[in-house]
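Structure file final_37.cif (mmCIF, C-alpha atoms) follows.
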data_entry
#
loop_
_atom_site.label_atom_id
_atom_site.label_comp_id
_atom_site.auth_asym_id
_atom_site.auth_seq_id
_atom_site.Cartn_x
_atom_site.Cartn_y
_atom_site.Cartn_z
CA MET A 1313 131.23 1.43 250.42
CA CYS A 1314 133.45 -0.72 252.63
CA LEU A 1315 132.72 -4.42 252.94
CA TYR A 1316 134.26 -6.23 255.89
CA ALA A 1317 135.22 -9.89 255.98
CA ILE A 1318 133.85 -10.14 259.52
CA SER A 1319 130.66 -9.05 261.25
CA VAL A 1320 130.40 -7.86 264.84
CA SER A 1321 127.22 -6.63 266.50
CA ARG A 1322 127.25 -3.00 267.67
CA MET A 1323 125.29 -2.93 270.90
CA ASN A 1324 124.64 0.79 271.12
CA ASP A 1325 122.66 1.41 267.97
CA GLY A 1326 121.77 -1.93 266.44
CA ARG A 1327 124.05 -1.46 263.44
CA SER A 1328 126.10 -4.39 262.13
CA GLY A 1329 129.82 -4.37 261.37
CA PRO A 1330 132.78 -3.75 263.66
CA SER A 1331 133.48 -0.34 265.10
CA ARG A 1332 136.94 1.00 264.43
CA ARG A 1333 137.54 1.18 268.17
CA SER A 1334 136.52 -2.38 268.94
CA PHE A 1335 138.38 -3.68 265.88
CA LEU A 1336 141.63 -2.01 266.81
CA ALA A 1337 141.29 -2.82 270.50
CA THR A 1338 140.92 -6.54 269.87
CA GLY A 1339 143.83 -6.61 267.40
CA GLY A 1340 141.63 -8.16 264.69
CA THR A 1341 143.19 -8.76 261.31
CA VAL A 1342 141.64 -8.56 257.89
CA ALA A 1343 143.39 -9.17 254.62
CA GLY A 1344 145.04 -6.05 253.27
CA ALA A 1345 142.93 -6.10 250.15
CA ALA A 1346 139.76 -5.99 252.22
CA LEU A 1347 141.05 -2.97 254.11
CA ALA A 1348 142.03 -0.98 251.05
CA GLY A 1349 139.80 2.10 250.88
CA CYS A 1350 137.96 1.11 254.08
CA LEU A 1351 139.75 1.93 257.31
CA THR A 1352 141.64 4.70 255.54
CA GLY A 1353 141.80 6.73 258.72
CA GLY A 1354 143.34 3.80 260.57
CA GLY A 1355 146.65 4.57 258.97
CA GLY A 1356 145.92 8.23 258.29
CA SER A 1357 148.35 9.86 255.90
CA GLY A 1358 151.26 7.74 257.06
CA GLY A 1359 151.99 6.46 253.58
CA LYS A 1360 151.26 9.75 251.80
CA ASP A 1361 153.28 12.89 251.32
CA THR A 1362 150.24 15.08 251.97
CA VAL A 1363 147.24 15.30 254.28
CA THR A 1364 143.92 15.19 252.40
CA LEU A 1365 140.91 17.08 253.74
CA GLY A 1366 137.46 16.81 252.20
CA ILE A 1367 135.64 20.17 251.97
CA LEU A 1368 132.11 19.67 250.60
CA GLU A 1369 130.34 23.02 250.91
CA ASP A 1370 127.60 24.50 248.71
CA ARG A 1371 128.79 27.14 246.28
CA SER A 1372 125.67 27.04 244.11
CA GLY A 1373 121.99 26.27 244.65
CA ASN A 1374 119.65 27.28 247.47
CA PHE A 1375 122.34 27.27 250.17
CA ALA A 1376 125.16 28.96 248.24
CA LEU A 1377 124.92 32.14 250.33
CA ASN A 1378 125.67 30.08 253.42
CA GLY A 1379 128.03 27.53 251.95
CA THR A 1380 130.37 29.81 250.01
CA PRO A 1381 131.72 31.53 253.15
CA LYS A 1382 132.21 28.08 254.73
CA TYR A 1383 134.28 27.00 251.74
CA ASN A 1384 136.23 30.27 251.74
CA ALA A 1385 137.12 30.10 255.43
CA SER A 1386 138.18 26.48 255.05
CA MET A 1387 140.61 27.46 252.32
CA LEU A 1388 141.89 30.36 254.42
CA ALA A 1389 142.61 28.02 257.34
CA ILE A 1390 144.31 25.50 255.05
CA ASP A 1391 146.42 28.18 253.37
CA GLU A 1392 147.54 29.48 256.76
CA LEU A 1393 148.43 25.99 257.93
CA ASN A 1394 150.32 25.23 254.73
CA ASP A 1395 152.22 28.52 255.00
CA ASP A 1396 153.20 27.46 258.52
CA GLY A 1397 154.49 24.06 257.44
CA GLY A 1398 151.26 22.07 257.06
CA ILE A 1399 150.30 19.27 259.43
CA LEU A 1400 153.10 17.06 260.73
CA GLY A 1401 155.37 18.61 258.14
CA LYS A 1402 153.04 17.59 255.30
CA GLN A 1403 151.21 20.01 253.04
CA ILE A 1404 147.41 19.84 253.03
CA GLU A 1405 145.56 19.06 249.83
CA THR A 1406 141.80 19.14 249.41
CA PHE A 1407 138.99 17.26 247.73
CA ALA A 1408 136.52 20.10 247.30
CA PRO A 1409 133.92 19.81 244.50
CA ASP A 1410 130.70 21.84 244.74
CA PRO A 1411 127.78 19.70 246.03
CA GLN A 1412 125.35 22.27 244.53
CA SER A 1413 122.90 22.11 247.47
CA ASP A 1414 121.85 18.65 246.26
CA ASN A 1415 121.65 15.87 248.85
CA LYS A 1416 121.99 13.05 246.33
CA ARG A 1417 125.14 14.68 245.02
CA TYR A 1418 126.34 15.00 248.62
CA GLN A 1419 125.93 11.26 249.09
CA GLN A 1420 127.85 10.50 245.90
CA LEU A 1421 130.66 12.94 246.78
CA THR A 1422 130.89 11.65 250.36
CA ARG A 1423 131.41 8.10 249.09
CA GLN A 1424 134.00 9.37 246.63
CA ALA A 1425 135.79 11.36 249.33
CA ILE A 1426 136.07 8.33 251.59
CA ASN A 1427 136.60 5.44 249.19
CA GLU A 1428 138.51 7.04 246.33
CA GLU A 1429 140.15 10.16 247.75
CA GLN A 1430 140.72 8.55 251.18
CA VAL A 1431 140.31 11.84 253.01
CA ASP A 1432 141.84 12.09 256.46
CA ALA A 1433 138.91 14.21 257.69
CA LEU A 1434 135.74 15.56 256.14
CA TRP A 1435 133.85 18.87 256.42
CA ALA A 1436 130.50 18.74 254.67
CA GLY A 1437 127.08 20.29 254.44
CA TYR A 1438 124.99 23.25 255.50
CA SER A 1439 121.52 21.88 256.20
CA SER A 1440 120.52 19.26 258.75
CA ALA A 1441 118.84 17.36 255.93
CA THR A 1442 122.22 17.11 254.21
CA ARG A 1443 123.90 15.97 257.39
CA GLU A 1444 121.35 13.21 257.87
CA ALA A 1445 121.63 12.20 254.21
CA ILE A 1446 125.38 11.55 254.51
CA ARG A 1447 125.74 10.52 258.16
CA PRO A 1448 124.88 6.83 257.49
CA ILE A 1449 127.72 6.80 254.94
CA ILE A 1450 130.02 8.47 257.48
CA ASP A 1451 129.13 5.89 260.11
CA GLN A 1452 129.36 2.85 257.84
CA ASN A 1453 132.87 3.91 256.87
CA GLU A 1454 133.83 5.19 260.33
CA GLN A 1455 134.96 8.50 258.86
CA LEU A 1456 135.99 11.49 261.00
CA TYR A 1457 133.45 14.19 260.11
CA PHE A 1458 133.03 17.83 261.17
CA TYR A 1459 129.56 19.36 260.81
CA THR A 1460 129.91 23.12 261.23
CA THR A 1461 126.43 24.61 260.88
CA GLN A 1462 124.49 25.80 263.88
CA TYR A 1463 121.72 23.22 264.17
CA GLU A 1464 118.81 21.77 266.14
CA GLY A 1465 121.07 19.68 268.38
CA GLY A 1466 120.96 16.13 269.68
CA VAL A 1467 123.42 14.31 267.40
CA ALA A 1468 125.46 11.82 269.46
CA ASP A 1469 127.74 10.20 266.92
CA SER A 1470 131.13 8.60 267.48
CA TYR A 1471 132.44 9.91 264.15
CA THR A 1472 130.69 13.30 263.93
CA PHE A 1473 131.86 16.47 265.67
CA CYS A 1474 129.24 19.25 265.69
CA MET A 1475 131.04 22.58 265.72
CA GLY A 1476 128.11 24.98 265.50
CA ALA A 1477 125.92 26.13 268.35
CA THR A 1478 122.83 24.04 269.06
CA ALA A 1479 119.26 25.32 269.20
CA ARG A 1480 119.28 25.11 272.99
CA GLN A 1481 122.44 27.25 273.11
CA GLN A 1482 121.14 29.81 270.61
CA LEU A 1483 117.51 29.99 271.67
CA GLY A 1484 118.57 29.72 275.30
CA MET A 1485 120.51 32.94 274.75
CA VAL A 1486 117.97 35.04 272.87
CA MET A 1487 114.58 33.88 274.19
CA PRO A 1488 115.07 34.81 277.87
CA TYR A 1489 116.20 38.25 276.72
CA LEU A 1490 113.11 38.73 274.53
CA ILE A 1491 110.75 37.45 277.23
CA ASP A 1492 112.21 39.91 279.74
CA GLU A 1493 112.10 42.81 277.28
CA PHE A 1494 108.84 42.28 275.43
CA GLY A 1495 106.52 39.72 277.04
CA THR A 1496 105.52 36.08 277.20
CA ASP A 1497 103.33 35.40 274.12
CA ILE A 1498 105.35 33.87 271.28
CA TYR A 1499 104.53 32.98 267.68
CA THR A 1500 106.94 30.63 265.85
CA ILE A 1501 107.57 30.39 262.12
CA ALA A 1502 110.07 27.73 261.07
CA ALA A 1503 111.46 25.97 258.02
CA ASP A 1504 109.51 22.77 257.35
CA TYR A 1505 112.21 20.12 257.76
CA ASN A 1506 114.02 18.49 260.65
CA PHE A 1507 115.97 21.61 261.66
CA GLY A 1508 112.90 23.84 261.85
CA GLN A 1509 110.64 21.26 263.46
CA ILE A 1510 113.05 20.31 266.25
CA SER A 1511 114.08 23.93 266.79
CA ALA A 1512 110.41 24.83 267.21
CA ASP A 1513 110.20 22.11 269.87
CA TRP A 1514 113.07 23.83 271.67
CA VAL A 1515 111.13 27.12 271.51
CA ARG A 1516 108.33 25.37 273.39
CA VAL A 1517 110.73 23.87 275.94
CA LEU A 1518 112.41 27.19 276.64
CA ALA A 1519 109.10 29.04 276.72
CA ASN A 1520 107.87 26.59 279.34
CA GLU A 1521 111.08 27.00 281.37
CA HIS A 1522 110.63 30.79 281.39
CA ASP A 1523 106.84 30.90 282.04
CA ALA A 1524 106.03 31.99 278.49
CA ASN A 1525 103.53 30.63 275.94
CA VAL A 1526 103.74 29.63 272.28
CA ILE A 1527 100.41 30.88 270.94
CA GLY A 1528 100.96 29.84 267.33
CA GLU A 1529 103.28 27.87 265.02
CA GLU A 1530 103.76 27.60 261.27
CA PHE A 1531 106.14 25.36 259.33
CA ILE A 1532 107.08 26.74 255.94
CA PRO A 1533 108.56 24.69 253.06
CA LEU A 1534 111.93 25.84 251.74
CA SER A 1535 110.33 26.51 248.33
CA VAL A 1536 107.92 29.15 249.70
CA SER A 1537 108.70 32.80 248.99
CA GLN A 1538 105.27 34.41 249.50
CA PHE A 1539 104.29 35.04 253.12
CA GLY A 1540 101.04 36.99 252.96
CA SER A 1541 98.97 34.40 254.84
CA THR A 1542 101.69 33.89 257.46
CA ILE A 1543 101.89 37.64 258.10
CA ASN A 1544 98.10 37.82 258.44
CA ASN A 1545 98.15 34.92 260.92
CA ILE A 1546 100.80 36.63 263.03
CA GLN A 1547 98.86 39.88 263.03
CA ASP A 1548 95.69 38.06 264.09
CA ALA A 1549 97.50 36.22 266.91
CA ASP A 1550 99.08 39.48 268.20
CA PRO A 1551 102.11 37.95 269.97
CA ASP A 1552 104.65 39.88 272.01
CA PHE A 1553 107.38 38.65 269.68
CA VAL A 1554 107.96 36.15 266.87
CA MET A 1555 110.61 33.43 266.71
CA ALA A 1556 111.69 33.18 263.07
CA LEU A 1557 113.61 30.01 262.25
CA LEU A 1558 113.77 30.61 258.50
CA VAL A 1559 116.39 29.12 256.17
CA GLY A 1560 117.60 29.50 252.59
CA ALA A 1561 117.29 32.01 249.77
CA ASN A 1562 113.52 31.79 249.28
CA HIS A 1563 112.71 32.61 252.90
CA THR A 1564 114.65 35.88 252.67
CA SER A 1565 111.64 37.49 250.98
CA PHE A 1566 109.74 37.32 254.28
CA TRP A 1567 111.56 40.34 255.69
CA ASN A 1568 110.63 42.90 253.06
CA GLN A 1569 107.10 41.52 253.00
CA ARG A 1570 106.66 41.87 256.76
CA THR A 1571 107.98 45.46 256.57
CA SER A 1572 105.58 46.33 253.74
CA ALA A 1573 102.71 44.87 255.78
CA GLY A 1574 103.61 46.99 258.81
CA LEU A 1575 104.37 43.98 260.99
CA ASP A 1576 106.38 45.97 263.52
CA LEU A 1577 107.09 43.32 266.14
CA PRO A 1578 110.35 42.14 267.70
CA PHE A 1579 111.69 38.99 266.06
CA GLY A 1580 114.05 36.44 267.56
CA THR A 1581 116.07 34.03 265.47
CA SER A 1582 118.80 31.41 265.48
CA THR A 1583 119.41 31.57 261.71
CA VAL A 1584 118.70 34.94 260.11
CA MET A 1585 121.49 37.56 259.64
CA ALA A 1586 124.39 35.54 261.04
CA GLN A 1587 124.10 33.01 258.20
CA GLY A 1588 122.53 34.77 255.21
CA TYR A 1589 123.56 38.33 256.20
CA GLN A 1590 120.13 39.72 255.34
CA HIS A 1591 121.02 42.96 257.15
CA LYS A 1592 123.67 43.55 254.46
CA ARG A 1593 121.65 42.32 251.48
CA LEU A 1594 118.31 44.01 252.20
CA ASP A 1595 117.63 47.71 252.42
CA PRO A 1596 116.78 49.17 255.84
CA PRO A 1597 114.54 48.89 257.75
CA ALA A 1598 113.72 45.30 256.64
CA MET A 1599 115.63 43.77 259.56
CA LYS A 1600 114.73 46.36 262.20
CA GLY A 1601 114.04 44.75 265.56
CA VAL A 1602 115.53 41.34 264.75
CA TYR A 1603 117.41 39.77 267.67
CA GLY A 1604 119.70 36.80 267.08
CA GLY A 1605 121.24 34.31 269.48
CA PHE A 1606 124.55 33.53 267.76
CA ASN A 1607 128.09 32.52 268.57
CA TYR A 1608 129.34 34.78 265.80
CA MET A 1609 128.61 37.67 263.48
CA GLN A 1610 131.17 39.63 261.51
CA GLU A 1611 130.44 42.56 263.82
CA VAL A 1612 131.83 40.91 267.00
CA PRO A 1613 133.64 43.93 268.51
CA THR A 1614 137.02 42.44 269.43
CA ASP A 1615 140.55 42.93 268.10
CA ARG A 1616 140.92 39.18 267.60
CA ASN A 1617 137.85 39.04 265.42
CA GLN A 1618 138.86 42.12 263.45
CA ASP A 1619 142.20 40.50 262.70
CA PHE A 1620 140.38 37.41 261.36
CA VAL A 1621 137.96 39.53 259.32
CA ASP A 1622 140.86 41.48 257.82
CA ARG A 1623 142.65 38.27 256.81
CA TYR A 1624 139.43 36.88 255.31
CA TYR A 1625 138.87 39.97 253.15
CA GLU A 1626 142.52 40.10 252.15
CA LYS A 1627 142.05 36.64 250.62
CA TYR A 1628 138.49 37.31 249.38
CA PRO A 1629 138.22 41.07 248.73
CA ASP A 1630 134.87 40.71 246.94
CA ALA A 1631 133.23 38.56 249.64
CA PRO A 1632 129.95 40.04 250.90
CA TYR A 1633 130.12 38.90 254.55
CA VAL A 1634 131.92 36.71 257.08
CA ASN A 1635 129.11 34.52 258.37
CA GLU A 1636 128.56 32.37 261.46
CA GLU A 1637 129.31 29.00 259.88
CA CYS A 1638 132.50 30.08 258.16
CA VAL A 1639 134.26 30.71 261.47
CA ASN A 1640 133.17 27.25 262.62
CA ASN A 1641 134.92 25.76 259.57
CA TYR A 1642 137.96 27.92 260.24
CA PHE A 1643 138.52 27.09 263.90
CA SER A 1644 137.65 23.38 263.50
CA ILE A 1645 140.27 22.89 260.78
CA LYS A 1646 142.83 24.54 263.06
CA MET A 1647 141.59 22.34 265.92
CA TYR A 1648 141.97 19.21 263.78
CA ALA A 1649 145.54 20.22 262.97
CA GLN A 1650 146.24 20.79 266.66
CA ALA A 1651 144.94 17.31 267.51
CA ALA A 1652 147.00 15.69 264.74
CA GLU A 1653 150.15 17.42 265.91
CA SER A 1654 149.42 16.36 269.48
CA VAL A 1655 149.14 12.65 268.64
CA GLY A 1656 151.81 12.77 265.94
CA SER A 1657 149.56 11.12 263.39
CA THR A 1658 146.56 11.56 261.10
CA ASN A 1659 145.22 8.20 262.26
CA GLN A 1660 141.52 8.94 262.64
CA GLU A 1661 141.08 6.67 265.65
CA ASP A 1662 143.86 8.49 267.48
CA ILE A 1663 142.57 11.92 266.56
CA ILE A 1664 139.04 11.09 267.71
CA ALA A 1665 140.45 9.89 271.02
CA GLU A 1666 142.49 13.09 271.34
CA LEU A 1667 139.49 15.31 270.58
CA GLU A 1668 137.41 13.40 273.10
CA LYS A 1669 139.78 14.53 275.85
CA GLY A 1670 138.44 18.04 275.26
CA MET A 1671 140.34 20.98 273.85
CA ASP A 1672 140.60 24.74 274.37
CA VAL A 1673 140.25 26.70 271.14
CA SER A 1674 141.18 30.29 270.34
CA ALA A 1675 138.48 31.20 267.79
CA PRO A 1676 137.42 34.49 266.19
CA GLU A 1677 134.33 34.49 268.43
CA GLY A 1678 136.46 34.16 271.60
CA ASP A 1679 138.03 31.50 273.79
CA ILE A 1680 135.85 28.41 273.50
CA SER A 1681 136.22 24.71 274.25
CA LEU A 1682 135.37 21.30 272.85
CA GLN A 1683 133.25 19.12 275.14
CA GLY A 1684 134.89 15.83 274.32
CA LYS A 1685 132.27 13.51 275.78
CA VAL A 1686 129.54 14.82 273.47
CA HIS A 1687 131.55 16.10 270.44
CA HIS A 1688 130.07 19.61 270.77
CA MET A 1689 131.39 23.06 271.65
CA THR A 1690 130.95 25.41 274.56
CA HIS A 1691 130.38 28.65 272.65
CA ASP A 1692 130.66 32.33 273.42
CA MET A 1693 127.00 33.18 272.82
CA ARG A 1694 125.66 36.69 272.24
CA VAL A 1695 122.36 38.48 271.69
CA PHE A 1696 122.78 40.62 268.57
CA ARG A 1697 120.21 43.34 267.75
CA CYS A 1698 119.69 44.88 264.32
CA ASP A 1699 118.48 48.51 264.39
CA GLU A 1700 116.53 50.54 261.84
CA ASN A 1701 119.75 51.39 259.97
CA HIS A 1702 120.86 47.74 259.95
CA ASP A 1703 123.66 48.39 262.38
CA ILE A 1704 124.39 45.47 264.73
CA HIS A 1705 124.62 45.84 268.51
CA VAL A 1706 125.70 43.24 271.11
CA MET A 1707 123.14 43.28 273.93
CA GLU A 1708 124.33 40.37 276.12
CA GLU A 1709 127.12 37.80 276.12
CA HIS A 1710 127.56 34.48 277.98
CA LYS A 1711 129.50 31.25 277.53
CA ILE A 1712 126.96 28.45 277.12
CA PRO A 1713 127.90 24.76 276.93
CA GLU A 1714 125.97 22.07 275.08
CA GLN A 1715 123.50 20.85 277.73
CA PHE A 1716 120.96 18.50 276.16
CA LEU A 1717 123.25 15.56 275.38
CA SER A 1718 125.58 16.12 278.32
CA ASP A 1719 123.07 16.91 281.10
CA THR A 1720 119.63 15.67 280.01
CA VAL A 1721 120.50 12.54 278.02
CA GLY A 1722 123.80 11.70 279.73
CA VAL A 1723 125.80 10.86 276.61
CA ASN A 1724 129.45 9.86 276.98
CA LEU A 1725 131.02 9.08 273.60
CA ARG A 1726 134.37 8.38 275.24
CA GLU A 1727 132.89 5.20 276.68
CA ASN A 1728 129.99 4.25 274.40
CA ASP A 1729 129.90 4.35 270.61
CA GLN A 1730 126.66 5.79 269.21
CA THR A 1731 125.32 7.06 265.91
CA LYS A 1732 122.00 8.48 267.12
CA GLN A 1733 120.15 11.79 267.17
CA TYR A 1734 118.16 12.51 270.33
CA VAL A 1735 115.16 14.84 270.16
CA PRO A 1736 113.60 17.02 272.87
CA ALA A 1737 110.16 15.46 272.40
CA ASP A 1738 111.49 12.29 274.07
CA TYR A 1739 112.55 14.21 277.18
CA PHE A 1740 110.32 17.28 277.56
CA GLU A 1741 106.55 17.34 277.80
CA ALA A 1742 106.43 20.84 276.29
CA ALA A 1743 108.19 19.60 273.14
CA ASP A 1744 106.07 16.48 272.86
CA ALA A 1745 102.93 18.65 272.86
CA THR A 1746 103.73 19.78 269.30
CA ARG A 1747 103.26 16.21 268.06
CA GLU A 1748 99.83 15.55 269.52
#
Would you write the structure of this file as structure tokens?
Amino acid sequence: MCLYAISVSRMNDGRSGPSRRSFLATGGTVAGAALAGCLTGGGGSGGKDTVTLGILEDRSGNFALNGTPKYNASMLAIDELNDDGGILGKQIETFAPDPQSDNKRYQQLTRQAINEEQVDALWAGYSSATREAIRPIIDQNEQLYFYTTQYEGGVADSYTFCMGATARQQLGMVMPYLIDEFGTDIYTIAADYNFGQISADWVRVLANEHDANVIGEEFIPLSVSQFGSTINNIQDADPDFVMALLVGANHTSFWNQRTSAGLDLPFGTSTVMAQGYQHKRLDPPAMKGVYGGFNYMQEVPTDRNQDFVDRYYEKYPDAPYVNEECVNNYFSIKMYAQAAESVGSTNQEDIIAELEKGMDVSAPEGDISLQGKVHHMTHDMRVFRCDENHDIHVMEEHKIPEQFLSDTVGVNLRENDQTKQYVPADYFEAADATRE
């Protein structure tokens, strides 16, 4: 961990220590020895022959199904960049050990990536719990960090760029469709940690905005794999549809169990299929009638996406699926390279400033854009439906920007440094009702 020889109050979040921006802007000086291993991004790779990217993605443990494609797509992007001359004429090397779905190991590896490997940028983590375990380390060291999982939303962090769709983007795509098609009574089942809890709050907010009702909620620990009581509760409540915000390997068992129990209801989701490709792993009709609000599935029916999928399987012929998060890793690495080439440096301060201008991105999902003020993406969102044969159909498609930070909260990271996560319960009465 970096130790500074000076201390400057940070007004936005109450943290101590100088921000990289304020330090550089005031021309402050600190002895070279004190800077070694601290403001590594301040000089970028200027003194190195290579660019070093940290890729910490789960390839074993509970999140391996999700993390392995993220790792694979990262390596595909890096190989393509290296084949095309690298970044600024320098080849890209990686620091990429397996975090093993273990948050303590993530913390240790994040410190190692920053202080020992001096990575120029870092991609790390599937779950929101992982992100929040390492984000204090990211912020203390002022490290450029890309978080690529779709997530609950609300992170306003000067050093973190959230590449995945937020809950408001995803649920705001699929819930209005389900309400129009099936009715207004909703039952929510969600993973019992910060992602699931805040996403369930967004279900309430969006239900309220579309004159619908959440008639029941359950929060299910990641260790649970038996869902008999949950299925009985849903059957007793008799909703028009269920919002299923389930995560990880253990929760996959829900789908065969609901089919065996005859729970033949429409299900909406922001996680299932696009991440863990349950429609490929489970026998039909386990996923019949599941509707997802996603920025990406392998089945996106465009020539651009098919070209990406073909290149992915050429490199990984035994891969089971190209999932939602892996394309977020892929396009964000290419976006980072574009920003570095634009500023002519891997100086992290300069790259953050360049990204904050906003950037158009040609991604496998479509033409999307970075909203620089809030460090989030405007995504090409779709409603995907899984039929009884586990074939995927695109029902609707819209470009949806991040709205909570930009419109509701009014965040502008170009002007004000922050390292905070905002939650809907602080802004919406419908969300706050879940905490009474």
Using all atoms listed in the file, which residues sit within 12 Å of A:Val1486 once same-chain residues fewer than 4 positions away are excluded, as a VMD selection string?
-> chain A and resid 1479 to 1482 1490 to 1494 1515 1518 to 1519 1553 to 1556 1578 to 1583 1602 to 1607 1693 to 1697 1706 to 1710 1712
Just to be explicit: take each residue in the selection above, keep C-alpha atoms, and write the result as a PDB file, in the frame of the given file.
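Once everything was written out, this is part_22.pdb:
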ATOM      1  CA  ALA A1479     119.260  25.320 269.200  1.00  0.00           C
ATOM      2  CA  ARG A1480     119.280  25.110 272.990  1.00  0.00           C
ATOM      3  CA  GLN A1481     122.440  27.250 273.110  1.00  0.00           C
ATOM      4  CA  GLN A1482     121.140  29.810 270.610  1.00  0.00           C
ATOM      5  CA  LEU A1490     113.110  38.730 274.530  1.00  0.00           C
ATOM      6  CA  ILE A1491     110.750  37.450 277.230  1.00  0.00           C
ATOM      7  CA  ASP A1492     112.210  39.910 279.740  1.00  0.00           C
ATOM      8  CA  GLU A1493     112.100  42.810 277.280  1.00  0.00           C
ATOM      9  CA  PHE A1494     108.840  42.280 275.430  1.00  0.00           C
ATOM     10  CA  VAL A1515     111.130  27.120 271.510  1.00  0.00           C
ATOM     11  CA  LEU A1518     112.410  27.190 276.640  1.00  0.00           C
ATOM     12  CA  ALA A1519     109.100  29.040 276.720  1.00  0.00           C
ATOM     13  CA  PHE A1553     107.380  38.650 269.680  1.00  0.00           C
ATOM     14  CA  VAL A1554     107.960  36.150 266.870  1.00  0.00           C
ATOM     15  CA  MET A1555     110.610  33.430 266.710  1.00  0.00           C
ATOM     16  CA  ALA A1556     111.690  33.180 263.070  1.00  0.00           C
ATOM     17  CA  PRO A1578     110.350  42.140 267.700  1.00  0.00           C
ATOM     18  CA  PHE A1579     111.690  38.990 266.060  1.00  0.00           C
ATOM     19  CA  GLY A1580     114.050  36.440 267.560  1.00  0.00           C
ATOM     20  CA  THR A1581     116.070  34.030 265.470  1.00  0.00           C
ATOM     21  CA  SER A1582     118.800  31.410 265.480  1.00  0.00           C
ATOM     22  CA  THR A1583     119.410  31.570 261.710  1.00  0.00           C
ATOM     23  CA  VAL A1602     115.530  41.340 264.750  1.00  0.00           C
ATOM     24  CA  TYR A1603     117.410  39.770 267.670  1.00  0.00           C
ATOM     25  CA  GLY A1604     119.700  36.800 267.080  1.00  0.00           C
ATOM     26  CA  GLY A1605     121.240  34.310 269.480  1.00  0.00           C
ATOM     27  CA  PHE A1606     124.550  33.530 267.760  1.00  0.00           C
ATOM     28  CA  ASN A1607     128.090  32.520 268.570  1.00  0.00           C
ATOM     29  CA  MET A1693     127.000  33.180 272.820  1.00  0.00           C
ATOM     30  CA  ARG A1694     125.660  36.690 272.240  1.00  0.00           C
ATOM     31  CA  VAL A1695     122.360  38.480 271.690  1.00  0.00           C
ATOM     32  CA  PHE A1696     122.780  40.620 268.570  1.00  0.00           C
ATOM     33  CA  ARG A1697     120.210  43.340 267.750  1.00  0.00           C
ATOM     34  CA  VAL A1706     125.700  43.240 271.110  1.00  0.00           C
ATOM     35  CA  MET A1707     123.140  43.280 273.930  1.00  0.00           C
ATOM     36  CA  GLU A1708     124.330  40.370 276.120  1.00  0.00           C
ATOM     37  CA  GLU A1709     127.120  37.800 276.120  1.00  0.00           C
ATOM     38  CA  HIS A1710     127.560  34.480 277.980  1.00  0.00           C
ATOM     39  CA  ILE A1712     126.960  28.450 277.120  1.00  0.00           C
TER      40      ILE A1712
END
Work out how far atom CA of A:Met1647 is from atom CA of A:Leu1388, in Å to one decimal.
-> 14.0 Å
Quick one: which residues end up in the PyMOL selection byres ((chain A and resi 1389-1399) around 12) for this structure, as a short mmCIF file (atom, residue, chain, number, x, y, z; two decimals) with C-alpha atoms, keeping the file's coordinate frame?
data_model
loop_
_atom_site.label_atom_id
_atom_site.label_comp_id
_atom_site.auth_asym_id
_atom_site.auth_seq_id
_atom_site.Cartn_x
_atom_site.Cartn_y
_atom_site.Cartn_z
CA GLY A 1356 145.92 8.23 258.29
CA SER A 1357 148.35 9.86 255.90
CA GLY A 1358 151.26 7.74 257.06
CA ASP A 1361 153.28 12.89 251.32
CA THR A 1362 150.24 15.08 251.97
CA VAL A 1363 147.24 15.30 254.28
CA THR A 1364 143.92 15.19 252.40
CA LEU A 1365 140.91 17.08 253.74
CA GLY A 1366 137.46 16.81 252.20
CA ILE A 1367 135.64 20.17 251.97
CA LYS A 1382 132.21 28.08 254.73
CA TYR A 1383 134.28 27.00 251.74
CA ASN A 1384 136.23 30.27 251.74
CA ALA A 1385 137.12 30.10 255.43
CA SER A 1386 138.18 26.48 255.05
CA MET A 1387 140.61 27.46 252.32
CA LEU A 1388 141.89 30.36 254.42
CA LEU A 1400 153.10 17.06 260.73
CA GLY A 1401 155.37 18.61 258.14
CA LYS A 1402 153.04 17.59 255.30
CA GLN A 1403 151.21 20.01 253.04
CA ILE A 1404 147.41 19.84 253.03
CA GLU A 1405 145.56 19.06 249.83
CA THR A 1406 141.80 19.14 249.41
CA ASP A 1432 141.84 12.09 256.46
CA PHE A 1620 140.38 37.41 261.36
CA ARG A 1623 142.65 38.27 256.81
CA TYR A 1624 139.43 36.88 255.31
CA LYS A 1627 142.05 36.64 250.62
CA CYS A 1638 132.50 30.08 258.16
CA VAL A 1639 134.26 30.71 261.47
CA ASN A 1640 133.17 27.25 262.62
CA ASN A 1641 134.92 25.76 259.57
CA TYR A 1642 137.96 27.92 260.24
CA PHE A 1643 138.52 27.09 263.90
CA SER A 1644 137.65 23.38 263.50
CA ILE A 1645 140.27 22.89 260.78
CA LYS A 1646 142.83 24.54 263.06
CA MET A 1647 141.59 22.34 265.92
CA TYR A 1648 141.97 19.21 263.78
CA ALA A 1649 145.54 20.22 262.97
CA GLN A 1650 146.24 20.79 266.66
CA ALA A 1651 144.94 17.31 267.51
CA ALA A 1652 147.00 15.69 264.74
CA GLU A 1653 150.15 17.42 265.91
CA SER A 1654 149.42 16.36 269.48
CA VAL A 1655 149.14 12.65 268.64
CA GLY A 1656 151.81 12.77 265.94
CA SER A 1657 149.56 11.12 263.39
CA THR A 1658 146.56 11.56 261.10
CA ALA A 1675 138.48 31.20 267.79
#
Contacts of A:Phe1375 at 9 Å or less, counting only C-alpha atoms, minus same-chain residues fewer than 3 places along, as JSON, numbers by chain?
-> {"A": [1370, 1371, 1372, 1378, 1379, 1380, 1412, 1413, 1438, 1439, 1559, 1560, 1561]}
